[in-house]
Amino acid sequence: MTTSTTVLIIGAGFAGLGTAIRLKQAGITDFVILERGSDVGGTWRDNTYPGAACDVPSLLYSFSFVPNPDWRRAYSGSREILEYIHHMVDTFDLRRHIRFHTNVTGLEYHEETALWSARTEDGSSFTARAAVMATGPLSNASLPDIPGIDTYQGHTIHSARWDHDYDFTGKHVAVIGTGASGVQIIPELAARARKVKVFQRTPGWVLPKPNPGHPAWLTAAFRRAPVVQAFLRQALFWGHEAIALGVVWDSMATTALQGLARTYLRLAVKDSWLRRQLTPDFRIGCKRILMTSDYYPALQRDNCKLITWPIYTLSPNGIRTAEGIEHDVDCIVFATGFDVCKTGTPFPITGPGGRSLGDDWAAGAQAYKSVSVAGYPNLFFTFGPNSGPGHNSVLVYNEAQIDYIVKAVELIHDQHVRTLEVRKDIQDGFNHDIQKRLARTTWNSGCTSWYLTEDGFNATMYPGFATQYARQLATLDLDDYEVTHHPVSTGPART
Ligand code: NA7
């Protein structure tokens, strides 16, 4: 069966839903959202592990066009964020646009009709004049390439596919991975399990995250005067912009921030051996800063042990480290992150003349302003190449992308535009500048992280302030694009 629509949005997480809301607000209601899961929420639907929370303040980790006066704490947990996402869906009546259990297996452009068509696993197809990729950068859970992983006989859980039926009481548990997910899970497991062994490959810089509740008077003030909330959001935004000085570029502010993290480590961890094991050997910001006040205390509990020997192999009963010790455990928790689509796409995307985006991006993903890609008309990306923030809310960046995409879709919808395709020379010039600027950032300063490909190419982060990023997306300049029009002058009316 084929369904035709004006806009196809792939993914019903923050980016897909935000695009849908802004399209509706612009008067465009002829869109379909394809979602492979059974519900909305993307990463927040999937990451339900104990302790799952955001390290960006709730007031900033939300869309400015859907303010929520009812945030309960400074930083929200995954459940509260998911409630907010459901609130967006209900408020804007989005559910009727969403096709759940619809796993896209390929997206193809048809030159004769200037339409994109999406094939799905169940054999249906959807065609549209514009396609919006909102599949998220962190949606495919990754298991590490450790020898013997298939031989382990105990229970295994990945952080992004939590098994809520497994009872940790009295169990010996291993956690592999000490990134953003690991440091949130470990304190929760240490409070439940008999013994927790933490397998750390690389320690990260940690900053404390005090998380006060929003008092009732503040919520009442937000409800009575939304401008108060908008003002606080702005204040938080500029506070985070200032943090860029310490996180994005290697500067005196980086030294100061790293000094703060070192002081926190010294104050929070008494044992000097443990402190040494937890001291990173890279500049702060090079990998994502870990925000938690619970991790260091958990590591010092009697039932918790940090293991820094490299993992040699998994065995039927547990984990053998390079020093030859076998750690028998009932359960292994993999907090090992995600397969980040840096050089590919989650499914094949075929443009005009059969060109493959996977091939075009084989040497590193490149786009124009992270949203448009030369050679692929009427296709738009959220969280596209070089849109990652190191210091501010990803949703601020996402809002800028969404509003840019909606402007483009309005042209296609209202102005009889047949194809809108960014010029290759403009895209190349843009990326030359981005890569030059990235070379001076902390992310490219020598550590390994999911921001970089194995060759060290950074297709992930934006080398600047969030304000700069938003400003570059504030206008859609048609001089940057090749535009063709439909021969007939009657476009479909808005519904
Ligand atoms: P991350 O940040 O990718 O962290 C994965 C962790 O798993 C990290 O500590 C890795 O160590 C570790 N890891 C991965 N493979 C192995 C192997 N083979 N052996 C040992 N340890 C391993 O994923 P998260 O889920 O924590 O966070 C993802 C993002 O979500 C985060 O950046 C935020 O933006 C939100 P490594 O550091 O590579 O040595």
# chains A, B, ... in the order shown; residues from 1 in each chain; ligands from 1
>>> closest_atom_pairs(of="chain A", to="ligand 1", cutoff="9 Å", atoms="only C-alpha atoms and all ligand atoms", output="tab-separated table")
residue	atom	partner	partner_atom_place_in_ligand_line	distance
A:Thr43	CA	ligand 1	30 (O)	8.9
A:Asn47	CA	ligand 1	25 (O)	9.0
A:Cys54	CA	ligand 1	35 (C)	7.9
A:Asp55	CA	ligand 1	33 (C)	8.4
A:Leu138	CA	ligand 1	30 (O)	7.0
A:Ala141	CA	ligand 1	25 (O)	8.3
A:Ser142	CA	ligand 1	15 (N)	8.2
A:Leu143	CA	ligand 1	15 (N)	7.3
A:Pro144	CA	ligand 1	18 (N)	4.3
A:Asp145	CA	ligand 1	18 (N)	5.5
A:Ile146	CA	ligand 1	18 (N)	5.5
A:Ser159	CA	ligand 1	25 (O)	6.9
A:Ala160	CA	ligand 1	25 (O)	7.5
A:Ile176	CA	ligand 1	21 (N)	5.4
A:Gly177	CA	ligand 1	7 (O)	3.3
A:Thr178	CA	ligand 1	9 (O)	3.8
A:Gly179	CA	ligand 1	26 (O)	3.5
A:Ala180	CA	ligand 1	26 (O)	3.7
A:Ser181	CA	ligand 1	26 (O)	3.7
A:Gly182	CA	ligand 1	26 (O)	5.4
A:Val183	CA	ligand 1	26 (O)	7.6
A:Gln184	CA	ligand 1	26 (O)	8.6
A:Phe199	CA	ligand 1	20 (C)	6.7
A:Gln200	CA	ligand 1	21 (N)	6.1
A:Arg201	CA	ligand 1	39 (O)	4.4
A:Thr202	CA	ligand 1	39 (O)	4.2
A:Pro203	CA	ligand 1	37 (O)	6.9
A:Gly204	CA	ligand 1	37 (O)	7.3
A:Lys287	CA	ligand 1	32 (O)	7.7
A:Arg288	CA	ligand 1	32 (O)	5.4
A:Ile289	CA	ligand 1	32 (O)	8.2
A:Leu290	CA	ligand 1	32 (O)	8.5
A:Pro310	CA	ligand 1	20 (C)	7.3
A:Ile311	CA	ligand 1	19 (N)	6.4
A:Phe334	CA	ligand 1	7 (O)	7.4
A:Ala335	CA	ligand 1	7 (O)	5.4
A:Thr336	CA	ligand 1	7 (O)	3.3
A:Gly337	CA	ligand 1	23 (O)	3.2
A:Phe338	CA	ligand 1	3 (O)	6.1
A:Asp339	CA	ligand 1	3 (O)	8.6
A:Val340	CA	ligand 1	3 (O)	8.9
A:Gly390	CA	ligand 1	34 (O)	8.8
A:Thr448	CA	ligand 1	38 (O)	6.8
A:Ser449	CA	ligand 1	38 (O)	6.1
A:Trp450	CA	ligand 1	3 (O)	5.8
A:Tyr451	CA	ligand 1	32 (O)	8.6
>>> select_by_dssp(residues="range 149-368 of chain A", states="helix (DSSP H, G or I)", output="PyMOL selection string")
chain A and resi 180-192+216-224+226-247+252-268+272-277+295-299+352-354+357-360
>>> closest_residue(among="A:Val333, A:Tyr376, A:Leu94, A:Gly464", to="Gly388 in chain A", atoms="only C-alpha atoms")
A:Gly464
>>> closest_atom_pairs(of="range 35-121 of chain A", to="range 352-373 of chain A", cutoff="8 Å", atoms="only C-alpha atoms", output="tab-separated table")
residue	atom	partner	partner_atom	distance
A:Tyr109	CA	A:Pro352	CA	5.9
A:His110	CA	A:Pro352	CA	6.8
A:Glu111	CA	A:Pro352	CA	6.0
>>> write_last_selection(atoms="N, CA, C and O atoms", output="PDB file, in the first residue's frame")
ATOM      1  N   TYR A 109      14.713   8.727  -3.940  1.00  0.00           N
ATOM      2  CA  TYR A 109      14.196   9.899  -4.656  1.00  0.00           C
ATOM      3  C   TYR A 109      13.838   9.504  -6.084  1.00  0.00           C
ATOM      4  O   TYR A 109      14.579   8.789  -6.746  1.00  0.00           O
ATOM      5  N   HIS A 110      12.685   9.975  -6.558  1.00  0.00           N
ATOM      6  CA  HIS A 110      12.264   9.692  -7.929  1.00  0.00           C
ATOM      7  C   HIS A 110      12.310  10.980  -8.735  1.00  0.00           C
ATOM      8  O   HIS A 110      11.530  11.897  -8.480  1.00  0.00           O
ATOM      9  N   GLU A 111      13.233  11.023  -9.696  1.00  0.00           N
ATOM     10  CA  GLU A 111      13.452  12.272 -10.443  1.00  0.00           C
ATOM     11  C   GLU A 111      12.243  12.694 -11.270  1.00  0.00           C
ATOM     12  O   GLU A 111      11.924  13.879 -11.352  1.00  0.00           O
TER      13      GLU A 111
END
>>> atom_distance(atom1="CA of Gly429 in chain A", atom2="CA of Gly351 in chain A")
21.7 Å
>>> atom_distance(atom1="CA of Thr460 in chain A", atom2="CA of Arg79 in chain A")
27.1 Å
>>> residues_around(residues="Gly41 in chain A", least_positions_apart="5", cutoff="7 Å", atoms="only C-alpha atoms", output="PyMOL selection string")
chain A and resi 12-14+82+85
>>> closest_residue(among="A:Gly213, A:Pro226, A:Pro377, A:Pro487", to="Trp116 in chain A", atoms="only C-alpha atoms")
A:Pro377
